[in-house]
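One file, start-v9.csv, is given below (CSV, C-alpha atoms).
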```
chain,number,residue,atom,x,y,z
A,22,MET,CA,37.4,80.1,18.4
A,23,GLY,CA,37.4,81.7,14.9
A,24,ILE,CA,40.3,82.4,12.7
A,25,THR,CA,40.0,85.7,10.8
A,26,ALA,CA,40.6,86.1,7.1
A,27,ARG,CA,44.0,87.4,7.8
A,28,GLY,CA,44.7,84.4,10.0
A,29,VAL,CA,43.5,82.0,7.4
A,30,GLY,CA,45.7,83.6,4.8
A,31,LEU,CA,48.7,83.4,7.0
A,32,LEU,CA,48.1,79.8,7.9
A,33,VAL,CA,47.8,78.8,4.3
A,34,ALA,CA,51.0,80.7,3.5
A,35,ALA,CA,52.7,78.8,6.3
A,36,VAL,CA,51.6,75.5,5.0
A,37,VAL,CA,52.7,76.4,1.4
A,38,LEU,CA,56.1,77.8,2.6
A,39,LEU,CA,56.8,74.8,4.7
A,40,ALA,CA,55.9,72.3,1.9
A,41,VAL,CA,57.9,74.2,-0.7
A,42,GLY,CA,60.9,74.6,1.6
A,43,PHE,CA,61.1,71.0,2.6
A,44,ARG,CA,60.3,69.8,-1.0
A,45,PHE,CA,63.0,71.8,-2.7
A,46,ALA,CA,65.4,72.2,0.2
A,47,TYR,CA,65.0,76.0,0.7
A,48,PRO,CA,65.8,76.7,4.4
A,49,GLU,CA,64.7,80.3,4.0
A,50,LEU,CA,61.2,79.3,2.9
A,51,THR,CA,61.1,76.7,5.7
A,52,LEU,CA,62.0,79.4,8.2
A,53,LEU,CA,59.4,81.8,6.9
A,54,GLY,CA,56.7,79.1,7.0
A,55,ALA,CA,57.7,78.1,10.6
A,56,ALA,CA,57.5,81.8,11.7
A,57,ALA,CA,54.1,82.1,10.1
A,58,GLY,CA,52.8,79.0,11.8
A,59,ALA,CA,54.2,80.2,15.1
A,60,ALA,CA,52.4,83.5,14.7
A,61,VAL,CA,49.1,81.7,14.2
A,62,GLY,CA,49.8,79.5,17.2
A,63,TYR,CA,50.7,82.5,19.4
A,64,ALA,CA,47.6,84.3,18.3
A,65,ALA,CA,45.5,81.2,19.3
A,66,LEU,CA,47.0,81.1,22.8
A,67,VAL,CA,46.5,84.9,23.3
A,68,ALA,CA,42.8,84.7,22.2
A,69,ALA,CA,42.2,81.6,24.4
A,70,TRP,CA,43.0,83.5,27.6
A,71,ARG,CA,39.7,83.9,29.4
A,72,PRO,CA,39.3,87.3,31.1
A,73,ARG,CA,37.6,87.3,34.5
A,74,LEU,CA,34.6,89.5,34.1
A,75,THR,CA,31.4,90.0,36.2
A,76,VAL,CA,28.4,91.3,34.3
A,77,THR,CA,25.3,92.7,36.1
A,78,ARG,CA,22.2,94.2,34.6
A,79,HIS,CA,19.3,96.3,35.9
A,80,ALA,CA,16.2,97.2,33.9
A,81,ASP,CA,14.5,100.5,34.8
A,82,PRO,CA,11.7,99.4,34.7
A,83,ASP,CA,11.5,95.8,33.6
A,84,ARG,CA,7.7,96.0,32.9
A,85,VAL,CA,6.3,98.8,30.8
A,86,ALA,CA,3.3,99.5,28.5
A,87,ARG,CA,3.9,99.7,24.8
A,88,GLY,CA,5.5,103.0,23.9
A,89,GLU,CA,6.7,103.9,27.5
A,90,PRO,CA,10.4,104.4,28.1
A,91,ALA,CA,12.6,101.7,29.5
A,92,SER,CA,16.4,101.5,29.9
A,93,MET,CA,19.0,98.9,30.8
A,94,MET,CA,22.1,99.5,32.9
A,95,VAL,CA,25.0,97.1,32.3
A,96,THR,CA,28.0,97.0,34.6
A,97,VAL,CA,31.1,95.1,33.6
A,98,ARG,CA,33.8,94.6,36.2
A,99,ASN,CA,37.3,93.1,35.7
A,100,THR,CA,37.8,90.8,38.6
A,101,GLY,CA,41.2,89.7,37.4
A,102,ARG,CA,44.4,90.8,39.2
A,103,LEU,CA,47.2,90.4,36.6
A,104,ARG,CA,46.4,92.3,33.4
A,105,SER,CA,44.1,94.7,31.8
A,106,ALA,CA,41.3,93.3,29.6
A,107,ASN,CA,42.0,94.3,26.0
A,108,LEU,CA,38.6,93.4,24.7
A,109,LEU,CA,35.7,94.2,22.4
A,110,ALA,CA,32.2,93.8,23.8
A,111,GLU,CA,28.6,94.2,22.7
A,112,ASP,CA,25.3,93.6,24.5
A,113,ARG,CA,22.4,92.0,22.8
A,114,CYS,CA,19.1,93.9,23.1
A,115,GLY,CA,16.3,92.2,21.2
A,116,ASP,CA,17.5,92.0,17.6
A,117,ARG,CA,20.2,94.7,17.8
A,118,SER,CA,23.7,95.0,19.3
A,119,VAL,CA,24.8,97.7,21.7
A,120,PRO,CA,28.6,98.4,22.0
A,121,VAL,CA,30.0,98.3,25.6
A,122,PRO,CA,33.3,100.0,26.2
A,123,VAL,CA,35.7,97.5,28.0
A,124,LEU,CA,38.9,98.3,26.1
A,125,ARG,CA,41.9,98.2,28.5
A,126,LEU,CA,39.7,97.6,31.5
A,127,ARG,CA,42.1,97.5,34.4
A,128,PRO,CA,41.9,94.9,37.2
A,129,GLY,CA,39.4,95.8,39.9
A,130,ARG,CA,37.8,98.5,37.7
A,131,ASP,CA,34.4,98.5,36.2
A,132,THR,CA,32.6,100.3,33.4
A,133,GLU,CA,28.9,101.1,33.0
A,134,VAL,CA,26.7,101.8,30.0
A,135,ARG,CA,23.0,102.7,29.9
A,136,TYR,CA,20.9,102.4,26.8
A,137,ASP,CA,17.2,102.5,25.9
A,138,VAL,CA,15.3,99.3,25.3
A,139,PRO,CA,12.9,99.4,22.3
A,140,THR,CA,9.3,99.4,23.5
A,141,HIS,CA,7.5,100.3,20.2
A,142,ARG,CA,6.2,96.7,20.0
A,143,ARG,CA,4.5,94.5,22.5
A,144,GLY,CA,6.5,91.5,23.5
A,145,VAL,CA,9.3,90.2,25.7
A,146,VAL,CA,12.6,91.9,24.8
A,147,PRO,CA,15.5,89.6,25.8
A,148,VAL,CA,18.6,91.6,26.9
A,149,GLY,CA,21.9,89.8,27.0
A,150,PRO,CA,24.1,88.0,27.2
A,151,LEU,CA,27.1,90.2,26.9
A,152,ARG,CA,29.3,89.0,24.0
A,153,VAL,CA,33.0,89.6,24.7
A,154,THR,CA,35.5,89.1,21.9
A,155,ARG,CA,39.2,88.5,22.6
A,156,ARG,CA,41.6,89.2,19.7
A,157,ASP,CA,45.4,88.9,19.4
A,158,PRO,CA,47.4,92.0,18.6
A,159,LEU,CA,47.9,90.8,14.9
A,160,GLY,CA,44.2,90.2,14.4
A,161,LEU,CA,44.7,86.6,13.4
A,162,VAL,CA,42.3,84.8,15.8
A,163,ALA,CA,39.2,86.1,17.5
A,164,LEU,CA,37.3,84.2,20.3
A,165,ALA,CA,33.9,85.3,21.5
A,166,ARG,CA,32.4,84.3,24.8
A,167,PRO,CA,29.0,85.1,26.5
A,168,TYR,CA,28.9,86.7,29.9
A,169,GLY,CA,26.0,87.3,32.2
A,170,MET,CA,22.4,86.2,32.1
A,171,VAL,CA,19.6,87.1,29.9
A,172,VAL,CA,17.2,89.7,31.5
A,173,PRO,CA,13.8,90.0,29.9
A,174,VAL,CA,12.0,93.4,29.6
A,175,TRP,CA,8.2,92.9,29.4
A,176,VAL,CA,6.4,95.3,27.1
A,177,TYR,CA,2.7,95.2,27.8
A,178,PRO,CA,-0.1,96.0,25.4
A,179,ARG,CA,-1.6,99.5,25.8
A,180,VAL,CA,-4.3,99.6,28.4
A,181,HIS,CA,-7.3,101.8,27.5
A,182,PRO,CA,-9.6,103.0,30.3
A,183,LEU,CA,-12.9,101.2,30.7
A,184,THR,CA,-15.6,102.9,32.8
A,185,ALA,CA,-17.1,99.7,34.1
A,186,VAL,CA,-17.3,95.9,33.7
A,187,PRO,CA,-20.3,93.7,32.9
A,188,ARG,CA,-22.8,92.9,35.6
A,189,GLY,CA,-22.9,89.5,37.2
A,190,ALA,CA,-25.6,86.9,37.0
A,191,GLY,CA,-27.4,85.7,40.2
A,192,ARG,CA,-28.4,82.0,39.9
A,193,SER,CA,-31.0,80.5,42.2
A,194,LEU,CA,-31.7,76.8,42.8
A,195,ASP,CA,-34.9,76.9,40.8
A,196,GLY,CA,-32.9,77.8,37.7
A,197,ARG,CA,-33.7,81.5,37.6
A,198,VAL,CA,-31.0,83.9,36.4
A,199,ASP,CA,-31.1,87.5,37.5
A,200,GLY,CA,-28.7,90.3,36.7
A,201,VAL,CA,-27.2,91.9,39.8
A,202,PRO,CA,-24.6,94.6,40.1
A,203,HIS,CA,-22.8,93.2,43.2
A,204,GLY,CA,-22.1,89.9,44.8
A,205,SER,CA,-24.2,88.2,47.4
A,206,ILE,CA,-23.8,85.1,49.5
A,207,THR,CA,-26.3,82.4,48.5
A,208,PHE,CA,-27.1,78.9,49.8
A,209,ASP,CA,-25.6,76.3,47.5
A,210,SER,CA,-25.6,72.8,49.0
A,211,LEU,CA,-25.3,70.6,52.2
A,212,ARG,CA,-22.4,68.4,53.2
A,213,GLU,CA,-21.3,66.4,56.2
A,214,TYR,CA,-19.8,68.2,59.2
A,215,VAL,CA,-16.0,68.3,59.4
A,216,VAL,CA,-14.0,69.2,62.5
A,217,GLY,CA,-13.4,72.9,62.4
A,218,ASP,CA,-16.7,73.9,60.8
A,219,GLU,CA,-18.6,76.7,62.5
A,220,LEU,CA,-21.6,75.4,64.4
A,221,ARG,CA,-23.7,78.3,63.2
A,222,ARG,CA,-23.5,76.8,59.7
A,223,VAL,CA,-25.1,73.5,60.9
A,224,HIS,CA,-28.5,72.8,59.3
A,225,TRP,CA,-30.2,71.3,62.3
A,226,ARG,CA,-33.4,70.3,60.6
A,227,THR,CA,-31.6,68.2,58.0
A,228,SER,CA,-29.2,66.9,60.6
A,229,ALA,CA,-32.1,65.6,62.7
A,230,ARG,CA,-33.6,63.9,59.7
A,231,VAL,CA,-30.5,62.1,58.5
A,232,GLY,CA,-29.0,61.4,61.9
A,233,GLU,CA,-25.7,63.2,61.5
A,234,LEU,CA,-24.5,66.8,61.4
A,235,MET,CA,-25.0,68.5,58.0
A,236,VAL,CA,-23.4,71.9,57.2
A,237,ARG,CA,-24.6,74.6,54.8
A,238,GLU,CA,-22.3,75.5,51.9
A,239,ASN,CA,-22.7,79.1,50.7
A,240,VAL,CA,-21.3,80.4,47.5
A,241,ASP,CA,-21.2,83.9,46.0
A,242,THR,CA,-23.1,83.2,42.8
A,243,SER,CA,-23.8,86.7,41.7
A,244,LEU,CA,-20.3,88.2,41.8
A,245,PRO,CA,-19.4,89.0,38.2
A,246,ARG,CA,-16.9,86.5,37.0
A,247,LEU,CA,-15.2,87.4,33.8
A,248,VAL,CA,-13.6,85.0,31.3
A,249,VAL,CA,-11.5,86.6,28.5
A,250,LEU,CA,-10.8,84.2,25.6
A,251,LEU,CA,-8.1,85.6,23.3
A,252,ASP,CA,-8.0,84.1,19.8
A,253,ASN,CA,-4.3,83.7,19.2
A,254,ARG,CA,-4.6,81.6,16.0
A,255,ALA,CA,-2.7,82.8,12.9
A,256,VAL,CA,-5.7,82.0,10.7
A,257,ALA,CA,-7.8,84.5,12.7
A,258,HIS,CA,-5.4,87.3,12.0
A,259,PRO,CA,-4.3,86.8,8.4
A,260,ARG,CA,-3.3,90.4,7.5
A,261,ARG,CA,0.3,91.5,8.2
A,262,VAL,CA,1.8,95.0,8.2
A,263,GLY,CA,5.6,94.8,8.3
A,264,GLY,CA,5.3,91.2,9.5
A,265,VAL,CA,3.0,92.2,12.4
A,266,ALA,CA,-0.7,91.2,12.7
A,267,GLU,CA,-2.2,94.5,13.9
A,268,SER,CA,-5.6,92.9,14.6
A,269,PHE,CA,-3.9,90.6,17.1
A,270,GLU,CA,-2.1,93.5,18.7
A,271,SER,CA,-5.5,95.3,19.0
A,272,ALA,CA,-7.1,92.2,20.6
A,273,CYS,CA,-4.3,92.0,23.1
A,274,GLU,CA,-4.9,95.7,24.0
A,275,ALA,CA,-8.6,95.0,24.5
A,276,ALA,CA,-7.8,91.9,26.7
A,277,ALA,CA,-5.4,93.9,28.8
A,278,SER,CA,-8.0,96.7,29.2
A,279,VAL,CA,-10.7,94.3,30.4
A,280,VAL,CA,-8.4,92.5,32.8
A,281,THR,CA,-7.1,95.8,34.2
A,282,ALA,CA,-10.7,97.1,34.7
A,283,ALA,CA,-11.7,93.9,36.4
A,284,HIS,CA,-8.8,94.0,38.8
A,285,ARG,CA,-9.6,97.6,39.6
A,286,GLU,CA,-13.1,96.6,40.6
A,287,ASP,CA,-11.8,93.6,42.6
A,288,LEU,CA,-13.6,91.2,40.4
A,289,PRO,CA,-12.4,87.7,39.5
A,290,VAL,CA,-11.2,87.4,35.9
A,291,VAL,CA,-9.6,84.5,34.0
A,292,LEU,CA,-7.5,85.0,30.9
A,293,LEU,CA,-7.4,82.1,28.4
A,294,PHE,CA,-5.9,81.6,25.0
A,295,ALA,CA,-7.5,79.7,22.2
A,296,ALA,CA,-4.3,77.9,21.3
A,297,ALA,CA,-1.5,76.8,23.6
A,298,GLU,CA,0.7,79.6,25.0
A,299,PRO,CA,4.5,79.6,24.5
A,300,ASP,CA,6.8,78.8,27.4
A,301,PRO,CA,7.8,82.0,29.2
A,302,PRO,CA,11.4,83.0,29.7
A,303,GLY,CA,13.0,80.9,32.4
A,304,GLY,CA,11.6,77.6,31.2
A,305,GLU,CA,8.5,77.5,33.4
A,306,THR,CA,5.9,75.2,31.9
A,307,ASP,CA,2.9,76.2,34.0
A,308,VAL,CA,2.3,79.6,32.3
A,309,GLY,CA,-0.8,80.5,34.2
A,310,ALA,CA,0.9,79.9,37.6
A,311,ALA,CA,4.2,81.5,36.7
A,312,LEU,CA,3.0,84.8,35.1
A,313,GLY,CA,0.4,87.4,35.6
A,314,PRO,CA,-2.2,88.2,32.9
A,315,LEU,CA,-0.3,91.2,31.5
A,316,ASP,CA,2.9,89.2,31.4
A,317,ARG,CA,1.1,86.5,29.5
A,318,LEU,CA,-0.3,89.0,27.1
A,319,ALA,CA,3.2,90.5,26.5
A,320,ALA,CA,4.5,87.0,25.7
A,321,ALA,CA,1.5,86.0,23.5
A,322,GLU,CA,2.3,84.7,20.0
A,323,LEU,CA,0.2,83.5,17.1
A,324,SER,CA,-0.2,79.7,16.7
A,325,ASP,CA,-0.9,77.5,13.7
A,326,ALA,CA,-3.5,75.5,15.6
A,327,ASP,CA,-6.5,76.1,13.4
A,328,GLU,CA,-9.1,74.1,15.4
A,329,ALA,CA,-8.1,75.6,18.8
A,330,VAL,CA,-11.4,77.5,19.2
A,331,ARG,CA,-13.5,74.3,19.1
A,332,GLY,CA,-11.3,72.7,21.8
A,333,ALA,CA,-11.4,75.9,23.9
A,334,ALA,CA,-15.2,76.1,23.6
A,335,SER,CA,-15.5,72.5,24.8
A,336,ARG,CA,-13.3,73.2,27.8
A,337,LEU,CA,-15.2,76.4,28.7
A,338,ARG,CA,-18.6,74.5,28.5
A,339,GLN,CA,-17.3,71.8,30.8
A,340,ASP,CA,-15.5,74.0,33.4
A,341,ARG,CA,-18.0,77.0,33.5
A,342,LEU,CA,-15.3,79.4,34.8
A,343,GLY,CA,-17.6,82.4,35.0
A,344,ASP,CA,-20.8,84.1,33.9
A,345,THR,CA,-19.4,86.7,31.4
A,346,LEU,CA,-17.5,85.5,28.4
A,347,ILE,CA,-15.5,87.9,26.2
A,348,PHE,CA,-14.2,86.5,23.0
A,349,LEU,CA,-11.6,88.6,21.2
A,350,THR,CA,-10.6,87.6,17.6
A,351,GLY,CA,-9.7,88.9,14.2
A,352,PRO,CA,-11.4,88.9,10.8
A,353,GLY,CA,-10.5,85.3,10.2
A,354,GLY,CA,-12.1,84.2,13.4
A,355,ARG,CA,-15.7,85.1,12.4
A,356,ASP,CA,-16.2,81.6,10.9
A,357,ASP,CA,-15.9,80.1,14.3
A,358,LEU,CA,-18.4,82.3,16.1
A,359,GLY,CA,-20.8,79.3,16.1
A,360,HIS,CA,-18.7,77.5,18.6
A,361,VAL,CA,-18.7,80.6,20.8
A,362,GLY,CA,-22.5,81.1,20.4
A,363,ALA,CA,-23.0,77.5,21.6
A,364,LEU,CA,-21.7,78.7,25.0
A,365,ARG,CA,-24.6,81.0,25.7
A,366,GLY,CA,-26.3,78.3,27.9
A,367,ALA,CA,-23.2,78.1,30.1
A,368,TYR,CA,-22.4,81.8,30.1
A,369,PRO,CA,-25.4,84.1,30.4
A,370,SER,CA,-23.4,87.1,29.1
A,371,VAL,CA,-21.3,86.6,25.9
A,372,VAL,CA,-19.7,89.4,23.9
A,373,VAL,CA,-17.4,89.2,20.9
A,374,GLY,CA,-14.9,91.7,19.8
A,375,VAL,CA,-13.7,91.5,16.1
A,376,PHE,CA,-10.7,93.6,15.2
A,377,GLY,CA,-9.4,94.7,11.8
A,378,ALA,CA,-12.3,93.4,9.7
A,379,ALA,CA,-12.7,95.2,6.3
A,380,GLU,CA,-16.5,95.0,6.6
A,381,PRO,CA,-18.9,94.8,9.6
A,382,THR,CA,-19.8,91.5,11.0
A,383,PRO,CA,-23.4,90.5,10.1
A,384,PRO,CA,-25.9,91.6,12.8
A,385,GLY,CA,-26.8,88.9,15.2
A,386,ALA,CA,-24.0,86.6,14.1
A,387,ALA,CA,-24.6,83.3,15.9
A,388,GLY,CA,-27.0,85.2,18.2
A,389,LEU,CA,-24.1,87.1,19.8
A,390,VAL,CA,-23.5,90.7,20.6
A,391,VAL,CA,-20.6,91.5,18.3
A,392,VAL,CA,-18.4,94.7,18.5
A,393,ASP,CA,-16.4,95.5,15.4
A,394,ALA,CA,-13.5,97.7,16.3
A,395,ALA,CA,-10.5,99.0,14.4
A,396,ASP,CA,-8.2,98.8,17.4
A,397,GLY,CA,-8.2,98.5,21.2
A,398,ALA,CA,-9.1,102.2,21.7
A,399,GLN,CA,-12.3,101.9,19.7
A,400,PHE,CA,-13.3,98.8,21.5
A,401,ALA,CA,-12.9,100.6,24.9
A,402,ALA,CA,-14.9,103.5,23.5
A,403,GLU,CA,-17.8,101.2,22.6
A,404,TRP,CA,-17.6,99.1,25.8
A,405,ASP,CA,-20.2,101.1,27.6
A,406,GLY,CA,-22.7,100.3,24.9
A,407,VAL,CA,-22.2,96.5,25.2
A,408,ARG,CA,-21.6,95.9,28.9
A,409,ARG,CA,-25.3,96.4,29.8
A,410,TRP,CA,-26.8,93.8,27.5
```
Spit out the file's structure as structure tokens when you get a sec.
Amino acid sequence: MGITARGVGLLVAAVVLLAVGFRFAYPELTLLGAAAGAAVGYAALVAAWRPRLTVTRHADPDRVARGEPASMMVTVRNTGRLRSANLLAEDRCGDRSVPVPVLRLRPGRDTEVRYDVPTHRRGVVPVGPLRVTRRDPLGLVALARPYGMVVPVWVYPRVHPLTAVPRGAGRSLDGRVDGVPHGSITFDSLREYVVGDELRRVHWRTSARVGELMVRENVDTSLPRLVVLLDNRAVAHPRRVGGVAESFESACEAAASVVTAAHREDLPVVLLFAAAEPDPPGGETDVGAALGPLDRLAAAELSDADEAVRGAASRLRQDRLGDTLIFLTGPGGRDDLGHVGALRGAYPSVVVGVFGAAEPTPPGAAGLVVVDAADGAQFAAEWDGVRRW
């Protein structure tokens, strides 16, 4: 509950009048002070009345690409039965407020308002809660309460069309690595028979030699498996335009384009971040399980973890999540290309995208194929030239 400037003035006047009236025995001043204090007390009681409102929201749509239109429909219903709701209300949409007309909302009635959600920047736009302010007729006391839940609107990075994705690498048991365009089932190892295994997979010659049933394990070693590593360190994207790191926005667009192209081709793809990701809306802690790749790119933020690339490279070397590694960074990330270059033994195909650099990256940096691009559109345009290496 907040007392307005008018209420503060009246309350101070009440205290002064009462003090002077009692001190110098002026009943008129005492009566005026009591009346002023009663007015403030009445205003507090009126403002403390809690209206019964139901607030629902519907985003249309709740997931859009950057620049695409999105709107929010807010419905406020007065579920009370005794009196009209004489209120002021505004909805929170990102960093701006949207007025909602609920003045003299009768019992059982509702009001609707539709407004556009800003999508000019990538991110998660929180909408809500509705802030309802109750005032007394004299404007002495105002009490604001939140109503409804926060509904996020996901603004994805722009997706630029890619004509193809990198080829996979077929690995044989003798260590040979071959480039192949499509997947194939290859013998990988033998294991003991488990109830439920198909008998046609039993390797009879080995079973006869060891004295128990052994089953062949096959794996698709040549299906292209993409790993996209997005450098979300603040040190990698030092330049700001209006508080926004445009090189990071371009890297997010490139990551979204690669992920979308891989899904279109039904190829497995893993999206990783160099630094830890922020918790998504709703409080989920397992970001990878809770959200899809584009959702995670919409919620991506820059981190102050300067040494994150070294740790990410160590994990990638240990896990070997795929055969094609795509590292997307900014001009400040070129000093860490040595850590990425050390992964060429674990990942036969490695390409680096550097965005927003004032000068080209030196040829053959860390022995990698590097694409310098001003933005995500240029990276997509040059993709055909690097995907065959």
(request) Name the closest residue to Pro173 of chain A among the candidates A:Gly366, A:Gly351, A:Pro122, A:Pro82; distances are taken between atoms, counting all atoms listed in the file. (result) A:Pro82
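Using only C-alpha atoms, every residue with an atom at most 6 Å from the point (16.6, 92.4, 29.5) is listed here: Pro147, Val148, Val172, Pro173 and Val174 of chain A.
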Selected residues, C-alpha atoms, written as a tab-separated table (two decimals), in the coordinates of the input, please.
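Okay, this is what ended up in part.tsv:
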```tsv
chain	number	residue	atom	x	y	z
A	147	PRO	CA	15.50	89.60	25.80
A	148	VAL	CA	18.60	91.60	26.90
A	172	VAL	CA	17.20	89.70	31.50
A	173	PRO	CA	13.80	90.00	29.90
A	174	VAL	CA	12.00	93.40	29.60
```
Extract, using only C-alpha atoms, all DNA, RNA and protein residues at most 7 Å from His181 of chain A, discarding same-chain residues fewer than 6 positions from it, and format them as an mmCIF file with C-alpha atoms, in the frame of the given file.
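Generated file (selection_10.cif):
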```cif
data_model
loop_
_atom_site.group_PDB
_atom_site.id
_atom_site.type_symbol
_atom_site.label_atom_id
_atom_site.label_comp_id
_atom_site.auth_asym_id
_atom_site.auth_seq_id
_atom_site.Cartn_x
_atom_site.Cartn_y
_atom_site.Cartn_z
ATOM 1 C CA SER A 278 -8.000 96.700 29.200
ATOM 2 C CA ALA A 398 -9.100 102.200 21.700
ATOM 3 C CA ALA A 401 -12.900 100.600 24.900
#
```
(message) Between atom CA of Ala26 of chain A and atom CA of Ala69 of chain A, what distance in Å does the model show, to one decimal?
(response) 17.9 Å
(request) Could you tell me how far atom CA of Pro352 of chain A lies from atom CA of Ala378 of chain A, in Å and to one decimal? (result)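 Interatomic distance, atom CA of Pro352 of chain A to atom CA of Ala378 of chain A: 4.7 Å.
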(request) May I have the protein, DNA and RNA residues with an atom at most 12 Å from (-17.5, 93.0, 15.7), counting only C-alpha atoms in the file's coordinates, returned as a PyMOL selection string? (result) chain A and resi 268+272+347-355+358+372-386+389-396+399-400+403-404+407
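Shell of segment 323-340 of chain A at 6 Å, with all atoms listed in the file counted and residues fewer than 2 places along the chain excluded, is Asn253, Arg254, Ala255, Ala295, Ala296 and Leu342 of chain A.
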Write the residues you've just listed into a file as a PDB file, keeping the file's coordinate frame, and include C-alpha atoms for each of them.
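The file below, selection_5.pdb, is the result:
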```pdb
ATOM      1  CA  ASN A 253      -4.300  83.700  19.200  1.00  0.00           C
ATOM      2  CA  ARG A 254      -4.600  81.600  16.000  1.00  0.00           C
ATOM      3  CA  ALA A 255      -2.700  82.800  12.900  1.00  0.00           C
ATOM      4  CA  ALA A 295      -7.500  79.700  22.200  1.00  0.00           C
ATOM      5  CA  ALA A 296      -4.300  77.900  21.300  1.00  0.00           C
ATOM      6  CA  LEU A 342     -15.300  79.400  34.800  1.00  0.00           C
TER       7      LEU A 342
END
```
(message) My list of candidates is A:Asp116, A:Glu286, A:Asp357, A:Asp83. Which is closest to Tyr177 of chain A when distances are computed with all atoms listed in the file?
(response) A:Asp83
(message) Set the distance at 6 Å and use all atoms listed in the file: which residues neighbour His224 of chain A once local chain neighbours fewer than 2 positions away are removed? I'd like the list as a PyMOL selection string.
(response) chain A and resi 226-227+235-236
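We find atom CA of Gly115 of chain A and atom CA of Val95 of chain A to be spaced 14.9 Å apart.
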(message) Under the rule that all atoms listed in the file are counted, which of A:Leu53, A:Val41, A:Leu288, A:Leu124 is the nearest residue to Arg156 of chain A?
(response)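 Smallest distance to Arg156 of chain A is found for A:Leu124.
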(request) Do a neighbour search on segment 54-61 of chain A at 6 Å with only C-alpha atoms, toss out local chain neighbours closer than 4 positions, and write the hits as a ChimeraX atom specification. (result) /A:35,38-39
(message) Counting all atoms listed in the file, which residue out of A:Glu322, A:Asp252, A:Asp344, A:Asp287 sits closest to Ala275 of chain A?
(response) A:Asp252
(request) Find the spatial neighbours of Ser92 of chain A, counting only C-alpha atoms, within a cut-off of 9 Å - ignore same-chain residues fewer than 6 positions away - and output them as a list in words. (result)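 Selected residues are His79, Ala80, Asp81, Pro82, Asp83, Arg135, Tyr136, Asp137, Val138 and Pro139 of chain A.
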